[in-house]
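A.B. asks: mmCIF, C-alpha atoms, saved as final.cif, coming up:
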```cif
data_start
#
loop_
_atom_site.label_atom_id
_atom_site.label_comp_id
_atom_site.auth_asym_id
_atom_site.auth_seq_id
_atom_site.Cartn_x
_atom_site.Cartn_y
_atom_site.Cartn_z
CA MET A 14 -27.69 -39.84 -28.91
CA ALA A 15 -28.30 -38.89 -25.27
CA TYR A 16 -24.57 -38.71 -24.73
CA ARG A 17 -23.96 -36.44 -27.71
CA GLU A 18 -26.73 -34.08 -26.60
CA THR A 19 -25.19 -33.82 -23.16
CA GLU A 20 -21.78 -33.12 -24.65
CA LYS A 21 -23.25 -30.41 -26.82
CA MET A 22 -24.94 -28.84 -23.79
CA ARG A 23 -21.73 -29.04 -21.84
CA LEU A 24 -19.84 -27.26 -24.58
CA ARG A 25 -22.51 -24.62 -24.90
CA LYS A 26 -22.47 -24.06 -21.16
CA ALA A 27 -18.68 -23.79 -21.12
CA ALA A 28 -18.81 -21.28 -23.97
CA ALA A 29 -21.36 -19.15 -22.10
CA ARG A 30 -19.24 -19.28 -18.95
CA GLN A 31 -16.19 -18.22 -20.93
CA ARG A 32 -18.11 -15.34 -22.53
CA ILE A 33 -19.32 -14.13 -19.12
CA ALA A 34 -15.75 -14.22 -17.79
CA GLU A 35 -14.43 -12.28 -20.80
CA CYS A 36 -17.15 -9.63 -20.53
CA THR A 37 -16.49 -9.26 -16.81
CA TYR A 38 -12.79 -8.83 -17.51
CA GLN A 39 -13.63 -6.12 -20.04
CA CYS A 40 -15.92 -4.31 -17.55
CA VAL A 41 -13.26 -4.39 -14.83
CA ALA A 42 -10.60 -3.13 -17.25
CA GLU A 43 -12.91 -0.22 -18.11
CA GLY A 44 -14.12 0.84 -14.69
CA GLY A 45 -12.80 -1.36 -11.92
CA PHE A 46 -14.69 -3.97 -9.92
CA ARG A 47 -16.99 -1.34 -8.43
CA ASN A 48 -18.40 -0.47 -11.86
CA ALA A 49 -18.69 -4.04 -13.13
CA LYS A 50 -22.46 -4.46 -12.70
CA ILE A 51 -24.03 -7.86 -13.27
CA THR A 52 -26.73 -6.37 -15.51
CA ARG A 53 -24.09 -4.81 -17.77
CA ILE A 54 -22.02 -8.00 -17.84
CA ALA A 55 -25.10 -10.03 -18.79
CA GLN A 56 -25.97 -7.55 -21.53
CA LEU A 57 -22.46 -7.71 -23.00
CA ALA A 58 -22.39 -11.51 -22.80
CA GLY A 59 -25.85 -11.80 -24.33
CA VAL A 60 -27.30 -13.82 -21.46
CA ALA A 61 -30.10 -13.22 -18.98
CA THR A 62 -28.92 -11.59 -15.74
CA GLY A 63 -30.11 -14.51 -13.65
CA SER A 64 -28.32 -17.08 -15.75
CA ILE A 65 -24.96 -15.70 -14.63
CA TYR A 66 -25.65 -17.37 -11.31
CA ARG A 67 -25.94 -20.74 -13.04
CA HIS A 68 -22.26 -20.37 -13.92
CA PHE A 69 -20.97 -18.58 -10.83
CA GLU A 70 -22.29 -19.01 -7.30
CA SER A 71 -22.15 -15.31 -6.55
CA LYS A 72 -20.81 -12.03 -7.87
CA GLU A 73 -17.90 -12.40 -5.44
CA ASP A 74 -17.03 -15.81 -6.92
CA LEU A 75 -17.17 -14.38 -10.43
CA PHE A 76 -14.97 -11.45 -9.41
CA ALA A 77 -12.51 -13.73 -7.59
CA GLU A 78 -12.17 -15.82 -10.76
CA ILE A 79 -11.57 -12.74 -12.91
CA PHE A 80 -9.05 -11.54 -10.37
CA ARG A 81 -7.21 -14.87 -10.59
CA ILE A 82 -7.22 -14.91 -14.38
CA ALA A 83 -6.05 -11.29 -14.68
CA THR A 84 -3.36 -11.54 -12.02
CA GLN A 85 -2.10 -14.89 -13.27
CA ARG A 86 -1.56 -13.23 -16.64
CA GLU A 87 0.65 -10.61 -14.94
CA ILE A 88 2.47 -13.19 -12.84
CA ASP A 89 3.18 -15.24 -15.98
CA LYS A 90 4.76 -12.20 -17.60
CA VAL A 91 6.99 -11.66 -14.57
CA VAL A 92 7.95 -15.35 -14.49
CA GLU A 93 8.73 -15.17 -18.21
CA SER A 94 10.96 -12.11 -17.79
CA LEU A 95 12.75 -13.65 -14.82
CA ALA A 96 13.41 -16.82 -16.87
CA THR A 97 15.17 -15.05 -19.76
CA PRO A 98 18.96 -15.33 -20.09
CA GLY A 99 21.12 -12.79 -18.27
CA SER A 100 22.25 -11.89 -14.78
CA ALA A 101 19.69 -11.73 -11.96
CA ILE A 102 19.84 -7.93 -12.15
CA GLU A 103 19.14 -7.90 -15.87
CA ARG A 104 16.25 -10.29 -15.37
CA LEU A 105 14.83 -8.29 -12.45
CA GLU A 106 15.10 -5.15 -14.53
CA LYS A 107 13.24 -6.79 -17.38
CA ALA A 108 10.50 -8.00 -15.02
CA LEU A 109 10.08 -4.53 -13.48
CA GLN A 110 9.97 -2.94 -16.92
CA GLN A 111 7.36 -5.42 -18.08
CA PHE A 112 5.28 -4.96 -14.94
CA ALA A 113 5.41 -1.15 -15.01
CA GLU A 114 4.69 -0.87 -18.73
CA ARG A 115 1.70 -3.18 -18.54
CA ALA A 116 0.32 -1.29 -15.55
CA LEU A 117 0.78 2.07 -17.26
CA LYS A 118 -0.91 0.77 -20.41
CA GLY A 119 -3.90 -0.62 -18.48
CA PRO A 120 -4.06 1.68 -15.46
CA VAL A 121 -7.63 0.85 -14.45
CA MET A 122 -6.98 -2.90 -14.44
CA ALA A 123 -3.68 -2.36 -12.59
CA TRP A 124 -5.46 -0.28 -9.96
CA SER A 125 -8.23 -2.88 -9.62
CA LEU A 126 -5.71 -5.68 -9.19
CA ILE A 127 -3.41 -3.86 -6.79
CA ALA A 128 -5.30 -1.21 -4.89
CA GLU A 129 -9.07 -1.06 -5.47
CA PRO A 130 -11.03 -1.73 -2.27
CA VAL A 131 -12.62 -5.13 -2.91
CA ASP A 132 -14.76 -7.79 -1.31
CA PRO A 133 -12.92 -9.98 1.27
CA LYS A 134 -13.13 -12.99 -1.08
CA VAL A 135 -11.25 -11.02 -3.75
CA GLU A 136 -8.92 -9.53 -1.15
CA GLU A 137 -7.87 -13.07 -0.22
CA GLU A 138 -6.84 -13.72 -3.83
CA ARG A 139 -4.98 -10.43 -3.85
CA LEU A 140 -2.96 -11.32 -0.76
CA ALA A 141 -1.99 -14.66 -2.26
CA TYR A 142 -0.83 -13.01 -5.47
CA ARG A 143 0.94 -10.15 -3.74
CA LYS A 144 2.85 -12.82 -1.87
CA ALA A 145 3.53 -14.59 -5.17
CA TYR A 146 5.14 -11.44 -6.59
CA ALA A 147 7.24 -10.94 -3.47
CA ASP A 148 8.32 -14.61 -3.62
CA LEU A 149 9.36 -14.29 -7.27
CA PHE A 150 11.39 -11.16 -6.61
CA GLU A 151 12.86 -12.67 -3.44
CA GLN A 152 14.00 -15.71 -5.41
CA ALA A 153 15.64 -13.54 -8.07
CA ILE A 154 17.36 -11.43 -5.38
CA ARG A 155 18.73 -14.62 -3.78
CA GLU A 156 20.04 -15.74 -7.18
CA GLY A 157 21.68 -12.34 -7.64
CA ILE A 158 23.36 -12.60 -4.24
CA LYS A 159 24.69 -16.04 -5.20
CA GLU A 160 25.83 -14.80 -8.61
CA GLY A 161 27.55 -11.87 -6.93
CA CYS A 162 25.70 -9.15 -8.88
CA ILE A 163 23.62 -8.18 -5.80
CA PRO A 164 25.36 -7.46 -2.46
CA ASP A 165 24.44 -9.70 0.44
CA GLN A 166 21.18 -8.60 2.07
CA ASN A 167 17.98 -9.96 3.55
CA ALA A 168 16.24 -10.95 0.30
CA ARG A 169 12.78 -11.20 1.86
CA GLN A 170 12.95 -7.74 3.37
CA SER A 171 14.31 -6.22 0.17
CA SER A 172 11.65 -7.87 -1.97
CA THR A 173 9.02 -6.28 0.27
CA CYS A 174 10.57 -2.83 -0.22
CA LEU A 175 10.56 -3.49 -3.94
CA VAL A 176 6.90 -4.54 -4.13
CA GLY A 177 5.93 -1.52 -2.00
CA ALA A 178 7.85 0.92 -4.17
CA ILE A 179 6.30 -0.41 -7.39
CA ALA A 180 2.75 -0.66 -6.06
CA GLU A 181 2.68 2.77 -4.45
CA SER A 182 4.25 4.59 -7.37
CA LEU A 183 2.16 2.84 -10.04
CA VAL A 184 -1.26 2.79 -8.45
CA GLY A 185 -1.15 4.02 -4.85
CA PRO A 186 -3.07 7.12 -3.74
CA LEU A 187 0.12 9.14 -4.09
CA SER A 188 0.95 7.80 -7.51
CA PRO A 189 1.64 10.38 -10.18
CA THR A 190 -0.65 8.25 -12.37
CA GLN A 191 -3.59 9.02 -10.03
CA ASN A 192 -2.74 12.63 -9.75
CA GLU A 193 -1.70 14.03 -13.06
CA GLN A 194 -1.14 17.66 -12.14
CA ALA A 195 1.22 16.79 -9.33
CA THR A 196 3.65 14.88 -11.52
CA THR A 197 5.92 17.62 -12.65
CA THR A 198 6.90 21.18 -11.93
CA ALA A 199 8.80 23.42 -14.32
CA THR A 200 12.16 22.43 -12.85
CA ASP A 201 11.40 18.71 -12.81
CA ASN A 202 13.26 15.99 -14.49
CA ASN A 203 10.87 14.59 -17.11
CA ASP A 204 11.87 10.98 -16.65
CA PRO A 205 9.07 8.52 -17.50
CA LEU A 206 7.66 6.94 -14.35
CA ALA A 207 8.76 3.43 -15.34
CA ASN A 208 12.39 4.60 -15.51
CA THR A 209 12.25 6.15 -12.06
CA ILE A 210 10.76 2.99 -10.57
CA ILE A 211 13.27 0.67 -12.20
CA ARG A 212 16.22 2.87 -11.30
CA PHE A 213 15.06 3.30 -7.71
CA CYS A 214 14.53 -0.44 -7.23
CA ILE A 215 17.69 -1.66 -8.96
CA GLN A 216 19.82 0.94 -7.21
CA GLY A 217 18.07 0.07 -3.96
CA LEU A 218 19.14 -3.55 -4.38
CA THR A 219 22.64 -3.00 -5.72
CA GLY A 220 23.85 0.41 -4.56
CA THR A 221 25.26 0.92 -8.03
CA ARG A 222 24.37 3.93 -10.13
CA ARG A 223 22.29 3.11 -13.18
CA MET B 29 -19.53 34.47 40.31
CA ALA B 30 -21.49 33.32 37.29
CA TYR B 31 -18.40 33.90 35.13
CA ARG B 32 -16.06 31.89 37.41
CA GLU B 33 -18.48 29.01 37.52
CA THR B 34 -18.64 28.91 33.71
CA GLU B 35 -14.85 29.02 33.48
CA LYS B 36 -14.59 26.12 35.94
CA MET B 37 -17.11 24.12 33.88
CA ARG B 38 -15.23 24.91 30.71
CA LEU B 39 -11.98 23.68 32.22
CA ARG B 40 -13.63 20.54 33.54
CA LYS B 41 -15.15 19.87 30.15
CA ALA B 42 -11.81 20.39 28.43
CA ALA B 43 -10.14 18.02 30.88
CA ALA B 44 -12.75 15.32 30.23
CA ARG B 45 -12.35 15.75 26.47
CA GLN B 46 -8.58 15.47 26.84
CA ARG B 47 -8.95 12.31 28.97
CA ILE B 48 -11.28 10.72 26.39
CA ALA B 49 -8.77 11.49 23.62
CA GLU B 50 -5.89 10.00 25.63
CA CYS B 51 -7.83 6.82 26.44
CA THR B 52 -8.84 6.42 22.80
CA TYR B 53 -5.21 6.81 21.76
CA GLN B 54 -4.27 4.09 24.25
CA CYS B 55 -6.99 1.74 22.95
CA VAL B 56 -5.90 2.26 19.34
CA ALA B 57 -2.25 1.68 20.26
CA GLU B 58 -3.27 -1.61 21.89
CA GLY B 59 -5.62 -3.06 19.30
CA GLY B 60 -6.17 -0.73 16.37
CA PHE B 61 -9.25 1.34 15.58
CA ARG B 62 -11.36 -1.77 15.14
CA ASN B 63 -10.90 -2.75 18.78
CA ALA B 64 -11.33 0.72 20.22
CA LYS B 65 -14.89 0.34 21.53
CA ILE B 66 -16.72 3.35 22.90
CA THR B 67 -17.77 1.44 26.04
CA ARG B 68 -14.15 0.58 26.81
CA ILE B 69 -12.96 4.13 26.14
CA ALA B 70 -15.65 5.52 28.46
CA GLN B 71 -14.66 3.04 31.16
CA LEU B 72 -10.98 3.98 30.91
CA ALA B 73 -11.78 7.70 30.91
CA GLY B 74 -14.18 7.34 33.83
CA VAL B 75 -17.14 8.88 32.02
CA ALA B 76 -20.58 7.60 31.02
CA THR B 77 -20.65 6.10 27.50
CA GLY B 78 -23.23 8.62 26.32
CA SER B 79 -21.25 11.59 27.55
CA ILE B 80 -18.54 10.88 24.97
CA TYR B 81 -20.96 12.23 22.39
CA ARG B 82 -21.12 15.53 24.26
CA HIS B 83 -17.45 15.96 23.39
CA PHE B 84 -17.34 14.35 19.95
CA GLU B 85 -20.13 14.35 17.40
CA SER B 86 -19.60 10.71 16.48
CA LYS B 87 -17.17 7.85 16.88
CA GLU B 88 -15.78 8.70 13.44
CA ASP B 89 -15.07 12.26 14.54
CA LEU B 90 -13.34 11.01 17.68
CA PHE B 91 -11.25 8.57 15.62
CA ALA B 92 -10.40 11.21 13.03
CA GLU B 93 -9.14 13.48 15.82
CA ILE B 94 -7.01 10.69 17.32
CA PHE B 95 -5.68 9.92 13.86
CA ARG B 96 -4.69 13.57 13.41
CA ILE B 97 -3.02 13.77 16.82
CA ALA B 98 -1.10 10.51 16.36
CA THR B 99 0.00 11.20 12.80
CA GLN B 100 0.96 14.80 13.54
CA ARG B 101 3.28 13.43 16.23
CA GLU B 102 4.99 11.24 13.58
CA ILE B 103 5.11 14.04 11.02
CA ASP B 104 6.70 16.35 13.62
CA LYS B 105 9.45 13.77 14.21
CA VAL B 106 10.15 13.56 10.48
CA VAL B 107 10.19 17.37 10.17
CA GLU B 108 12.56 17.53 13.15
CA SER B 109 14.96 14.98 11.61
CA LEU B 110 14.88 16.70 8.24
CA ALA B 111 15.71 20.03 9.93
CA THR B 112 18.90 18.81 11.67
CA PRO B 113 22.30 19.88 10.28
CA GLY B 114 23.90 17.75 7.58
CA SER B 115 23.50 16.93 3.92
CA ALA B 116 20.07 16.13 2.51
CA ILE B 117 21.05 12.46 2.43
CA GLU B 118 22.10 12.46 6.07
CA ARG B 119 18.87 14.15 7.03
CA LEU B 120 16.74 11.78 4.95
CA GLU B 121 18.54 8.86 6.53
CA LYS B 122 17.85 10.22 10.00
CA ALA B 123 14.17 10.74 9.14
CA LEU B 124 13.81 7.18 7.78
CA GLN B 125 15.59 5.76 10.84
CA GLN B 126 13.31 7.71 13.16
CA PHE B 127 10.21 6.69 11.24
CA ALA B 128 11.13 3.00 11.07
CA GLU B 129 12.20 2.75 14.70
CA ARG B 130 9.04 4.38 15.98
CA ALA B 131 6.90 2.10 13.80
CA LEU B 132 8.75 -1.01 14.97
CA LYS B 133 8.40 0.06 18.61
CA GLY B 134 4.66 0.72 18.25
CA PRO B 135 3.65 -1.70 15.51
CA VAL B 136 -0.08 -1.68 16.21
CA MET B 137 -0.28 2.11 16.13
CA ALA B 138 1.88 2.17 12.99
CA TRP B 139 -0.42 -0.34 11.32
CA SER B 140 -3.52 1.61 12.36
CA LEU B 141 -2.10 4.86 11.02
CA ILE B 142 -0.78 3.44 7.75
CA ALA B 143 -2.73 0.34 6.76
CA GLU B 144 -5.73 -0.56 8.93
CA PRO B 145 -9.00 -0.45 6.97
CA VAL B 146 -10.80 2.56 8.43
CA ASP B 147 -13.92 4.65 8.09
CA PRO B 148 -13.93 7.08 5.10
CA LYS B 149 -13.68 10.06 7.46
CA VAL B 150 -10.46 8.67 8.90
CA GLU B 151 -9.27 7.58 5.45
CA GLU B 152 -9.50 11.21 4.35
CA GLU B 153 -7.14 12.21 7.14
CA ARG B 154 -4.82 9.40 6.14
CA LEU B 155 -4.62 10.54 2.54
CA ALA B 156 -3.79 14.07 3.63
CA TYR B 157 -1.01 12.83 5.89
CA ARG B 158 0.35 10.35 3.39
CA LYS B 159 0.63 13.27 1.02
CA ALA B 160 2.34 15.27 3.78
CA TYR B 161 5.03 12.58 4.15
CA ALA B 162 5.57 12.39 0.42
CA ASP B 163 5.83 16.20 0.25
CA LEU B 164 8.42 16.26 3.03
CA PHE B 165 10.55 13.59 1.38
CA GLU B 166 10.12 15.22 -2.02
CA GLN B 167 11.36 18.52 -0.62
CA ALA B 168 14.42 16.86 0.92
CA ILE B 169 15.17 15.03 -2.35
CA ARG B 170 14.99 18.35 -4.23
CA GLU B 171 17.41 19.87 -1.72
CA GLY B 172 19.73 16.90 -2.21
CA ILE B 173 19.66 17.34 -6.00
CA LYS B 174 20.53 21.04 -5.54
CA GLU B 175 23.31 20.22 -3.07
CA GLY B 176 24.63 17.61 -5.49
CA CYS B 177 24.46 14.68 -3.06
CA ILE B 178 21.48 13.15 -4.93
CA PRO B 179 21.66 12.66 -8.72
CA ASP B 180 19.09 14.53 -10.80
CA GLN B 181 15.77 12.68 -10.86
CA ASN B 182 12.03 13.28 -10.68
CA ALA B 183 11.75 14.06 -6.96
CA ARG B 184 8.00 13.51 -6.80
CA GLN B 185 8.20 10.07 -8.38
CA SER B 186 11.10 9.02 -6.21
CA SER B 187 9.40 10.20 -3.03
CA THR B 188 6.44 8.00 -3.95
CA CYS B 189 8.71 4.96 -4.37
CA LEU B 190 10.23 5.78 -1.01
CA VAL B 191 6.90 6.08 0.82
CA GLY B 192 5.73 2.79 -0.78
CA ALA B 193 8.88 0.92 0.18
CA ILE B 194 8.68 2.06 3.81
CA ALA B 195 4.95 1.50 4.21
CA GLU B 196 4.87 -1.97 2.65
CA SER B 197 7.92 -3.26 4.49
CA LEU B 198 6.95 -1.82 7.87
CA VAL B 199 3.25 -2.55 7.99
CA GLY B 200 1.95 -3.86 4.68
CA PRO B 201 0.43 -7.32 4.34
CA LEU B 202 3.81 -8.61 3.15
CA SER B 203 5.74 -6.98 5.94
CA PRO B 204 8.06 -9.28 7.85
CA THR B 205 6.60 -7.63 10.97
CA GLN B 206 3.15 -9.06 10.10
CA ASN B 207 4.51 -12.41 9.29
CA GLU B 208 7.15 -13.44 11.77
CA GLN B 209 7.97 -16.93 10.50
CA ALA B 210 8.65 -15.70 7.01
CA THR B 211 11.34 -13.21 8.01
CA THR B 212 14.41 -15.38 7.88
CA THR B 213 15.68 -18.68 6.61
CA ALA B 214 18.84 -20.36 7.85
CA THR B 215 20.94 -18.78 5.12
CA ASP B 216 19.50 -15.31 5.56
CA ASN B 217 21.29 -12.16 6.31
CA ASN B 218 20.10 -11.14 9.79
CA ASP B 219 19.99 -7.44 9.09
CA PRO B 220 17.43 -5.59 11.20
CA LEU B 221 14.47 -4.50 9.08
CA ALA B 222 15.14 -0.78 9.66
CA ASN B 223 18.63 -1.16 8.14
CA THR B 224 17.29 -2.90 5.04
CA ILE B 225 14.69 -0.19 4.51
CA ILE B 226 17.12 2.68 4.97
CA ARG B 227 19.74 1.09 2.73
CA PHE B 228 17.22 0.26 0.01
CA CYS B 229 15.78 3.78 0.01
CA ILE B 230 19.05 5.71 0.21
CA GLN B 231 20.67 3.51 -2.42
CA GLY B 232 17.52 3.85 -4.51
CA LEU B 233 17.88 7.63 -4.43
CA THR B 234 21.65 7.90 -4.82
CA GLY B 235 22.88 4.75 -6.55
CA THR B 236 25.76 4.71 -4.08
CA ARG B 237 26.53 1.68 -1.96
CA ARG B 238 25.90 2.24 1.75
#
```
Once you've parsed the file, please lay out its structure as structure tokens.
C.D. replies:
Amino acid sequence: MAYRETEKMRLRKAAARQRIAECTYQCVAEGGFRNAKITRIAQLAGVATGSIYRHFESKEDLFAEIFRIATQREIDKVVESLATPGSAIERLEKALQQFAERALKGPVMAWSLIAEPVDPKVEEERLAYRKAYADLFEQAIREGIKEGCIPDQNARQSSTCLVGAIAESLVGPLSPTQNEQATTTATDNNDPLANTIIRFCIQGLTGTRR
Amino acid sequence: MAYRETEKMRLRKAAARQRIAECTYQCVAEGGFRNAKITRIAQLAGVATGSIYRHFESKEDLFAEIFRIATQREIDKVVESLATPGSAIERLEKALQQFAERALKGPVMAWSLIAEPVDPKVEEERLAYRKAYADLFEQAIREGIKEGCIPDQNARQSSTCLVGAIAESLVGPLSPTQNEQATTTATDNNDPLANTIIRFCIQGLTGTRR
């Protein structure tokens, strides 16, 4: 009997932890890390504020975990796109499309993951993931060079240009998404932002008009 | 007599202010804003620490002024390159070359101006200047579209991609300049970083192999 009680408690605790994580994710998606207040998270999760700290050592630890979960989801999508059939260029294009569309659909979460000023503990996670993106793109660029669909170039350097171009145009302070009025003038080409990003990056890598 | 004395004092005061600004610039170029300590600046400038605050209201005001001076210098170089004869593409290429070379020659200053975490007062200056760069590039892209050397595209969006690619690859956390070991593997193309950046950006804009 003692064992079964403990198991039940363990499951209940795990469920509460899961609920707290989900509610934190929701708060961040709505207003960024800076607006994800512990009191609000507790209210949403239906737990006492203090009990959050029985599941997570600190707010920073909770945020770092949410950051990992949310970014891993994005990384998985990129990995998935890069693993589809097709040339390296087609796969890179698919990954960029996926990445841009998801960011444009969830702009607050994208901003929180890529650009929001965050606690050093969360910033550490961000650096690791930013590197993970660059590594994935670098690998695909190397494959493209081998396949012959991407001209020879320094794959590491190019992947850095690529990550910079995407990040700045999707969520940087200059991004048209942050700055709606500045996006177009009367004479402007009305191309959706995702198209511009993909074209710029693929042309940047290949030197071939898309 | 009273007038000449005042004029002499005014000149002396202006000279001290100028010296403080120059020494601050030097400190930032050596170790970023975070290592530019007021005591060290005063020592270099040959003034008492407290007297710095007779010339600048606060450290943040001093830093904001240095930021303006240093960034204006870079902006002027870009304006100069964009005003030389040649097609819009040739002028953009010259501006990118200039920008990259100067950043690679003074990497600490480049990092401080583009990426170092700074006080909100300085961050405000940075946003204004980042916008100034994007505006300059946007203008040149528009000229290129008119001239016919750049295919029709959303110039604002493309200029944002361009600024992101340069900033991340020159000084971002993924930059090969921040991360020397990661720059090359045995099989890597040994292209200098400036070449990769210029090629990526110009190809990104034109879709024509460089």
A.B. asks: Ranking B:Asp89, B:Glu102, B:Ala168, B:Ala160 by minimum distance to chain A and counting all atoms listed in the file, which one comes first?
C.D. replies: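 Among the listed residues, B:Ala160 lies closest to chain A.
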A.B. asks: Counting all atoms listed in the file, which residues of chain A come no farther than 9 Å from chain B, as a ChimeraX atom specification?
C.D. replies: /A:140,143-144,147,165-183,185-189,195-197,201-206,209-210,212-223
A.B. asks: Spell out the residues picked by the PyMOL selection byres ((chain A and resi 44-52) around 12) here, as a ChimeraX atom specification.
C.D. replies: /A:33-34,36-43,53-66,69,71-73,75-77,79-80,119-132,135-136
A.B. asks: For CA of Gln110 (chain A) and CA of Phe165 (chain B), quote the distance in Å rounded to one decimal.
C.D. replies: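 Here the two named atoms are 24.7 Å from each other.
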A.B. asks: When you draw a straight line from CA of Arg67 (chain A) to CA of Gln31 (chain A), how long is it in Å?
C.D. replies: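 CA of Gln31 (chain A) lies at a distance of 12.8 Å from CA of Arg67 (chain A).
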A.B. asks: Any idea what the distance is between CA of Ile102 (chain A) and CA of Ile169 (chain B)?
C.D. replies: 25.4 Å
A.B. asks: Please evaluate the PyMOL selection byres ((chain A and resi 100) around 9) against the structure above and give the resulting residues as a short mmCIF file (atom, residue, chain, number, x, y, z; two decimals) with C-alpha atoms, in the coordinates of the input.
C.D. replies:
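The result, written out as part24.cif:
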```
data_model
loop_
_atom_site.label_atom_id
_atom_site.label_comp_id
_atom_site.auth_asym_id
_atom_site.auth_seq_id
_atom_site.Cartn_x
_atom_site.Cartn_y
_atom_site.Cartn_z
CA PRO A 98 18.96 -15.33 -20.09
CA GLY A 99 21.12 -12.79 -18.27
CA ALA A 101 19.69 -11.73 -11.96
CA ILE A 102 19.84 -7.93 -12.15
CA GLU A 103 19.14 -7.90 -15.87
CA ARG A 104 16.25 -10.29 -15.37
CA LEU A 105 14.83 -8.29 -12.45
CA GLU A 156 20.04 -15.74 -7.18
CA GLY A 157 21.68 -12.34 -7.64
CA GLU A 160 25.83 -14.80 -8.61
CA CYS A 162 25.70 -9.15 -8.88
#
```
A.B. asks: Could I get region 37-48 of chain B rebuilt with N, CA, C and O atoms, written as an mmCIF file, keeping the file's coordinate frame?
C.D. replies:
```
data_model
loop_
_atom_site.group_PDB
_atom_site.id
_atom_site.type_symbol
_atom_site.label_atom_id
_atom_site.label_comp_id
_atom_site.auth_asym_id
_atom_site.auth_seq_id
_atom_site.Cartn_x
_atom_site.Cartn_y
_atom_site.Cartn_z
ATOM 1 N N MET B 37 -16.444 25.166 34.683
ATOM 2 C CA MET B 37 -17.110 24.120 33.880
ATOM 3 C C MET B 37 -16.378 23.898 32.561
ATOM 4 O O MET B 37 -16.227 22.783 32.105
ATOM 5 N N ARG B 38 -15.925 24.990 31.988
ATOM 6 C CA ARG B 38 -15.230 24.910 30.710
ATOM 7 C C ARG B 38 -13.940 24.098 30.875
ATOM 8 O O ARG B 38 -13.608 23.224 30.064
ATOM 9 N N LEU B 39 -13.233 24.394 31.970
ATOM 10 C CA LEU B 39 -11.980 23.680 32.220
ATOM 11 C C LEU B 39 -12.236 22.195 32.469
ATOM 12 O O LEU B 39 -11.511 21.331 31.984
ATOM 13 N N ARG B 40 -13.306 21.938 33.230
ATOM 14 C CA ARG B 40 -13.630 20.540 33.540
ATOM 15 C C ARG B 40 -13.993 19.790 32.264
ATOM 16 O O ARG B 40 -13.594 18.655 32.055
ATOM 17 N N LYS B 41 -14.741 20.488 31.419
ATOM 18 C CA LYS B 41 -15.150 19.870 30.150
ATOM 19 C C LYS B 41 -13.919 19.592 29.274
ATOM 20 O O LYS B 41 -13.787 18.519 28.681
ATOM 21 N N ALA B 42 -13.024 20.568 29.238
ATOM 22 C CA ALA B 42 -11.810 20.390 28.430
ATOM 23 C C ALA B 42 -10.972 19.230 28.959
ATOM 24 O O ALA B 42 -10.400 18.456 28.188
ATOM 25 N N ALA B 43 -10.925 19.100 30.272
ATOM 26 C CA ALA B 43 -10.140 18.020 30.880
ATOM 27 C C ALA B 43 -10.744 16.662 30.531
ATOM 28 O O ALA B 43 -10.021 15.704 30.218
ATOM 29 N N ALA B 44 -12.083 16.579 30.568
ATOM 30 C CA ALA B 44 -12.750 15.320 30.230
ATOM 31 C C ALA B 44 -12.496 14.970 28.763
ATOM 32 O O ALA B 44 -12.194 13.821 28.415
ATOM 33 N N ARG B 45 -12.586 15.963 27.910
ATOM 34 C CA ARG B 45 -12.350 15.750 26.470
ATOM 35 C C ARG B 45 -10.928 15.219 26.260
ATOM 36 O O ARG B 45 -10.702 14.266 25.514
ATOM 37 N N GLN B 46 -9.982 15.851 26.940
ATOM 38 C CA GLN B 46 -8.580 15.470 26.840
ATOM 39 C C GLN B 46 -8.398 14.012 27.301
ATOM 40 O O GLN B 46 -7.696 13.223 26.664
ATOM 41 N N ARG B 47 -9.074 13.661 28.410
ATOM 42 C CA ARG B 47 -8.950 12.310 28.970
ATOM 43 C C ARG B 47 -9.533 11.284 27.981
ATOM 44 O O ARG B 47 -8.958 10.223 27.782
ATOM 45 N N ILE B 48 -10.662 11.625 27.377
ATOM 46 C CA ILE B 48 -11.280 10.720 26.390
ATOM 47 C C ILE B 48 -10.320 10.507 25.216
ATOM 48 O O ILE B 48 -10.114 9.386 24.756
#
```
